[in-house]
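J.: Let me give you the structure first, and then I'll get to my questions.
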Amino acid sequence: MKVAIVGAGISGLALAAALHREGLDVTVYEKSPTVRGGGSGITLAPNALAALDSLGIGAPFRERQRQQGSLQGGQRSPRGTWLMRFPSDLTAQSLVIARDELHTLLASALPRDLIRTGTRVEKVAPLTGTLTLHDCEGRVRSETFDLVVGADGLTSAVRKAWPEDPGTRYAGYAAWRGLTKAPFDLNGVGAETWGTRARFGVAPLYDGRVYWFGVHTTPEPRRGHNNFEELHRLFDRWHSPIPEVIRASSENTIQYLPIIELAGELRSFARGRAVLIGDAAHAMTPNLGQGACQGLEDAATLAFLVQSVVSTPRAAHSCDAVLVKYDRLRRARAHAIARSSRRIGRAAHVGGSTLASLRNGLVRIIPDWALTGPVTDVTRWTPPSADT
């Protein structure tokens, strides 16, 4: 079976590694000149680590997870008062890692010559599996595959071949993301703080550095604008260690980006011989920390289904059934999580100081289990099996 994976992001690399190990003819096409992680840090929740295990590449991530210290997670007010706390096993079963290291580990799981960087997809014919490719030397050619996987993110070129492609929209808030330059002692706490139309989160990486993010309601910012004055105005008077964490980070490594999501839900993740995974299929707001996690679930599910037919005599002709099953298994869950994440964002950024105070007071009196139960459910995932 000949497979093209468009996009060398998290889900694309993870899927490529699994399919290559099974002996499939896999090529990854990446429009950037290099495979790069970008960003600062990322939390791999228990479902993401289970997906990496299912893909056969979980070992280095589990090794780093074991190096993490114990952590108290939850939600606080800008004064530092605890509003709710996560169960300790949820944080213990997750991994916070730098995005560039995550990408390096994923890319190292497959031969480098399978990744064609500097190659842009100009056109996709889903019904035939044909890609029109523009390579780094300026040549344009067409090639046909048994399966085309769109793993090319929010502005997916593959998704544009879907008649109902909803496009993207601004969620109404933007985020700074950063990493401290060196290990920083959080005293075993990694929490998110909610204020008035603003929030801030800190999470220690396994190596002791701290990944942090600050989010605020704002008109959509232009790309390249760092808005550091607003960052300090919003958060310099919040509880420790928020101001200290910001100052412990190099400004030239802090990213400031609008939060963008898909403007609607796709009716199917599959079309002809093409299929979408990760942000290409369901780009969501980061409020549940599930964007990459759902992409890894996609990759693990699709890898299992493809592997289940690859040894059959008519493997290439079994793709229709595989993609129908993949769509059934993944679309409802991904859409439900995207909707939940959107609702959390609205709750975090609605109203002024009075409404924010009432919201935080309500969160404080609700039992922790009632608030954390849905989050725990989201992070549970069972790999597909022969009975799926």
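Note on naming: chains are A, B, ... as they come in the structure tokens, residues start from 1 per chain, ligands start from 1 in the order shown.
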Quick one: which stretch 246-272 of chain A residues come within 10 Å of stretch 39-48 of chain A, and what is the nearest atom pair for each with the distance in Å to one decimal, counting only C-alpha atoms, rows ordered by chain and ascending number, as CSV?
T.:
residue,atom,partner,partner_atom,distance
A:Thr253,CA,A:Ser40,CA,8.0
A:Ile254,CA,A:Ser40,CA,7.8
A:Gln255,CA,A:Gly39,CA,6.9
A:Tyr256,CA,A:Gly39,CA,9.7
J.: Could you pull the residues within 7 Å of A:Arg364, counting only C-alpha atoms, minus those fewer than 2 positions along the same chain, as a count of residues only?
T.: 6
J.: Would you give me, as CSV, each residue of stretch 162-185 of chain A having an atom within 12 Å of an atom of stretch 93-103 of chain A, along with its shortest atom pair and that distance in Å to one decimal, using only C-alpha atoms and sorting by chain and residue number?
T.:
residue,atom,partner,partner_atom,distance
A:Arg177,CA,A:Ala98,CA,11.5
A:Gly178,CA,A:Ala98,CA,10.1
A:Leu179,CA,A:Ala98,CA,8.3
A:Thr180,CA,A:Ala98,CA,11.0
J.: Check the smallest atom-to-atom distance from each of A:Asp89, A:Glu261, A:Glu220, A:Asp146 to A:Pro126 using only C-alpha atoms, then report the winner.
T.: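 Closest to A:Pro126, using only C-alpha atoms: A:Asp146.
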J.: Need the shell around stretch 72-74 of chain A: protein/DNA/RNA residues with any atom at most 12 Å away, counting only C-alpha atoms. Skip same-chain ones fewer than 4 positions apart. Format as a ChimeraX atom specification?
T.: /A:80-92,94,186-194,200-204,363-364,368-369,371-372,375
J.: Need the shell around A:Val148: protein/DNA/RNA residues with any atom at most 6 Å away, counting only C-alpha atoms. Skip same-chain ones fewer than 3 positions apart. Format as a PyMOL selection string?
T.: chain A and resi 3-4+129+274
J.: Find the residues near stretch 327-330 of chain A: any atom within 8 Å, counting only C-alpha atoms, skip ones fewer than 3 places away on the same chain, and give them as a ChimeraX atom specification.
T.: /A:268-270,298,301,323-324,333-334
J.: Just write the chosen residues, N, CA, C and O atoms, as a PDB file, in the first residue's frame.
T.:
ATOM      1  N   SER A 268     -17.663  14.714   7.384  1.00  0.00           N
ATOM      2  CA  SER A 268     -16.886  13.482   7.322  1.00  0.00           C
ATOM      3  C   SER A 268     -15.405  13.831   7.319  1.00  0.00           C
ATOM      4  O   SER A 268     -15.002  14.852   6.765  1.00  0.00           O
ATOM      5  N   PHE A 269     -14.604  12.977   7.949  1.00  0.00           N
ATOM      6  CA  PHE A 269     -13.155  13.140   7.910  1.00  0.00           C
ATOM      7  C   PHE A 269     -12.547  12.412   6.712  1.00  0.00           C
ATOM      8  O   PHE A 269     -11.327  12.488   6.503  1.00  0.00           O
ATOM      9  N   ALA A 270     -13.364  11.715   5.944  1.00  0.00           N
ATOM     10  CA  ALA A 270     -12.851  10.915   4.821  1.00  0.00           C
ATOM     11  C   ALA A 270     -13.590  11.267   3.542  1.00  0.00           C
ATOM     12  O   ALA A 270     -14.787  11.576   3.541  1.00  0.00           O
ATOM     13  N   ASP A 298      -6.205  10.141  16.617  1.00  0.00           N
ATOM     14  CA  ASP A 298      -6.495   9.933  15.193  1.00  0.00           C
ATOM     15  C   ASP A 298      -5.453   9.017  14.559  1.00  0.00           C
ATOM     16  O   ASP A 298      -5.783   8.048  13.864  1.00  0.00           O
ATOM     17  N   THR A 301      -5.643   5.388  15.775  1.00  0.00           N
ATOM     18  CA  THR A 301      -6.822   4.693  15.250  1.00  0.00           C
ATOM     19  C   THR A 301      -6.639   4.353  13.779  1.00  0.00           C
ATOM     20  O   THR A 301      -6.899   3.216  13.351  1.00  0.00           O
ATOM     21  N   LEU A 323     -11.625   3.772   5.936  1.00  0.00           N
ATOM     22  CA  LEU A 323     -11.880   5.187   6.171  1.00  0.00           C
ATOM     23  C   LEU A 323     -13.285   5.428   6.718  1.00  0.00           C
ATOM     24  O   LEU A 323     -13.491   6.334   7.531  1.00  0.00           O
ATOM     25  N   VAL A 324     -14.242   4.626   6.304  1.00  0.00           N
ATOM     26  CA  VAL A 324     -15.593   4.728   6.868  1.00  0.00           C
ATOM     27  C   VAL A 324     -15.554   4.415   8.365  1.00  0.00           C
ATOM     28  O   VAL A 324     -16.160   5.114   9.188  1.00  0.00           O
ATOM     29  N   ARG A 333     -16.269  11.929  18.664  1.00  0.00           N
ATOM     30  CA  ARG A 333     -15.471  12.255  19.853  1.00  0.00           C
ATOM     31  C   ARG A 333     -14.709  13.561  19.670  1.00  0.00           C
ATOM     32  O   ARG A 333     -14.719  14.430  20.555  1.00  0.00           O
ATOM     33  N   ALA A 334     -14.051  13.725  18.542  1.00  0.00           N
ATOM     34  CA  ALA A 334     -13.273  14.947  18.313  1.00  0.00           C
ATOM     35  C   ALA A 334     -14.162  16.181  18.306  1.00  0.00           C
ATOM     36  O   ALA A 334     -13.816  17.218  18.891  1.00  0.00           O
TER      37      ALA A 334
END
J.: With stretch 156-169 of chain A as the partner and 8 Å as the cut-off, tabulate the residues of stretch 204-303 of chain A that qualify, each row holding the nearest pair of atoms and their distance in Å to one decimal, using only C-alpha atoms, sorted by chain and rising number, as a Markdown table.
T.:
| residue | atom | partner | partner_atom | distance |
| --- | --- | --- | --- | --- |
| A:Ile260 | CA | A:Arg169 | CA | 5.6 |
| A:Glu261 | CA | A:Thr168 | CA | 5.6 |
| A:Leu262 | CA | A:Thr168 | CA | 4.3 |
| A:Ala263 | CA | A:Thr168 | CA | 4.6 |
| A:Gly264 | CA | A:Pro166 | CA | 5.2 |
| A:Glu265 | CA | A:Pro166 | CA | 7.1 |
| A:Leu266 | CA | A:Glu164 | CA | 6.7 |
| A:Arg267 | CA | A:Glu164 | CA | 7.6 |
| A:Arg271 | CA | A:Trp162 | CA | 7.4 |
| A:Leu276 | CA | A:Arg159 | CA | 7.1 |
| A:Ala280 | CA | A:Ser156 | CA | 5.3 |
| A:Ala281 | CA | A:Arg159 | CA | 7.6 |
J.: Output C-alpha atoms of each residue in that selection to a file, as a PDB file, in the first residue's frame.
T.:
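Result file result08.pdb:
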ATOM      1  CA  ILE A 260      -7.884  30.114  15.676  1.00  0.00           C
ATOM      2  CA  GLU A 261     -10.244  27.168  15.256  1.00  0.00           C
ATOM      3  CA  LEU A 262     -12.274  25.558  12.492  1.00  0.00           C
ATOM      4  CA  ALA A 263     -15.350  27.659  11.736  1.00  0.00           C
ATOM      5  CA  GLY A 264     -17.598  24.600  11.612  1.00  0.00           C
ATOM      6  CA  GLU A 265     -17.709  20.827  11.823  1.00  0.00           C
ATOM      7  CA  LEU A 266     -16.935  18.588   8.868  1.00  0.00           C
ATOM      8  CA  ARG A 267     -19.603  16.062   7.912  1.00  0.00           C
ATOM      9  CA  ARG A 271     -13.435  11.466   1.114  1.00  0.00           C
ATOM     10  CA  LEU A 276      -7.954  14.048   7.579  1.00  0.00           C
ATOM     11  CA  ALA A 280      -6.722  19.417   9.558  1.00  0.00           C
ATOM     12  CA  ALA A 281      -9.819  17.530  10.706  1.00  0.00           C
TER      13      ALA A 281
END
J.: Determine which residues of stretch 258-370 of chain A receive a DSSP assignment of helix (DSSP H, G or I), computed from the backbone, and state them as a ChimeraX atom specification.
T.: /A:279-282,286-288,291-309,315-349,353-365,368-370
J.: Need to verify the contact set: A:Ile10, 10 Å, only C-alpha atoms, exclusion of same-chain residues closer than 6 positions in sequence. Can you return it as number ranges by chain?
T.: A: 37, 99, 102-103, 106-107, 151-153, 278-279, 292-293, 295-296, 299
J.: Would you mind listing what lies within 12 Å of A:Asp236 as a ChimeraX atom specification, with only C-alpha atoms counted and same-chain residues fewer than 5 positions away left out?
T.: /A:78-79,200,214,228-231,241-247
J.: Please compute the atom CA of A:Cys319-atom CA of A:Ser385 distance, one decimal, in Å.
T.: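 The value is 17.7 Å.
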J.: Quote the spacing between atom CA of A:Glu297 and atom CA of A:Ala386 in Å to one decimal place.
T.: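 The value is 16.6 Å.
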J.: Nearest to A:Tyr173 among A:Pro111, A:Gly38, A:Pro60, A:Pro219, with distances taken over only C-alpha atoms: which residue is it?
T.: A:Pro219
J.: Nearest to A:Asp320 among A:Ile337, A:Leu71, A:Arg273, A:Gly23, with distances taken over only C-alpha atoms: which residue is it?
T.: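 The answer is A:Arg273, which sits nearest to A:Asp320.
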J.: Using DSSP on the backbone coordinates, identify all residues within stretch 234-334 of chain A classified as strand (DSSP E or B); present the result as a PyMOL selection string.
T.: chain A and resi 255-262+270-271+274-276
J.: Please produce an output containing N, CA and C atoms for each residue in the selection, written as an mmCIF file, in the first residue's frame.
T.:
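Just written: selection_20.cif:
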data_model
loop_
_atom_site.group_PDB
_atom_site.id
_atom_site.type_symbol
_atom_site.label_atom_id
_atom_site.label_comp_id
_atom_site.auth_asym_id
_atom_site.auth_seq_id
_atom_site.Cartn_x
_atom_site.Cartn_y
_atom_site.Cartn_z
ATOM 1 N N GLN A 255 6.096 33.511 22.268
ATOM 2 C CA GLN A 255 5.211 33.641 21.102
ATOM 3 C C GLN A 255 3.903 34.307 21.508
ATOM 4 N N TYR A 256 3.352 35.097 20.615
ATOM 5 C CA TYR A 256 2.046 35.709 20.830
ATOM 6 C C TYR A 256 1.218 35.483 19.580
ATOM 7 N N LEU A 257 0.159 34.718 19.710
ATOM 8 C CA LEU A 257 -0.618 34.311 18.540
ATOM 9 C C LEU A 257 -2.114 34.354 18.825
ATOM 10 N N PRO A 258 -2.912 34.679 17.809
ATOM 11 C CA PRO A 258 -4.368 34.570 17.960
ATOM 12 C C PRO A 258 -4.778 33.104 18.067
ATOM 13 N N ILE A 259 -5.838 32.834 18.797
ATOM 14 C CA ILE A 259 -6.372 31.476 18.890
ATOM 15 C C ILE A 259 -7.384 31.285 17.758
ATOM 16 N N ILE A 260 -7.069 30.365 16.869
ATOM 17 C CA ILE A 260 -7.884 30.114 15.676
ATOM 18 C C ILE A 260 -8.413 28.688 15.747
ATOM 19 N N GLU A 261 -9.638 28.497 15.301
ATOM 20 C CA GLU A 261 -10.244 27.168 15.256
ATOM 21 C C GLU A 261 -10.991 26.997 13.938
ATOM 22 N N LEU A 262 -11.416 25.758 13.662
ATOM 23 C CA LEU A 262 -12.274 25.558 12.492
ATOM 24 C C LEU A 262 -13.591 26.290 12.706
ATOM 25 N N ALA A 270 -13.364 11.715 5.944
ATOM 26 C CA ALA A 270 -12.851 10.915 4.821
ATOM 27 C C ALA A 270 -13.590 11.267 3.542
ATOM 28 N N ARG A 271 -12.841 11.221 2.432
ATOM 29 C CA ARG A 271 -13.435 11.466 1.114
ATOM 30 C C ARG A 271 -12.604 10.725 0.084
ATOM 31 N N ALA A 274 -8.829 9.880 0.444
ATOM 32 C CA ALA A 274 -8.186 10.863 1.316
ATOM 33 C C ALA A 274 -8.860 10.893 2.682
ATOM 34 N N VAL A 275 -8.069 11.220 3.699
ATOM 35 C CA VAL A 275 -8.579 11.267 5.067
ATOM 36 C C VAL A 275 -7.843 12.372 5.815
ATOM 37 N N LEU A 276 -8.531 12.962 6.794
ATOM 38 C CA LEU A 276 -7.954 14.048 7.579
ATOM 39 C C LEU A 276 -7.701 13.590 9.011
#
J.: When you count only C-alpha atoms, which of these residues is closest to A:Arg197: A:Leu114, A:Val35, A:Ala174, A:Leu49?
T.: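 Nearest candidate to A:Arg197 out of A:Leu114, A:Val35, A:Ala174, A:Leu49: A:Ala174.
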J.: Using Å and a single decimal, report how far atom CA of A:Cys136 sits from atom CA of A:Ser11.
T.: 23.0 Å
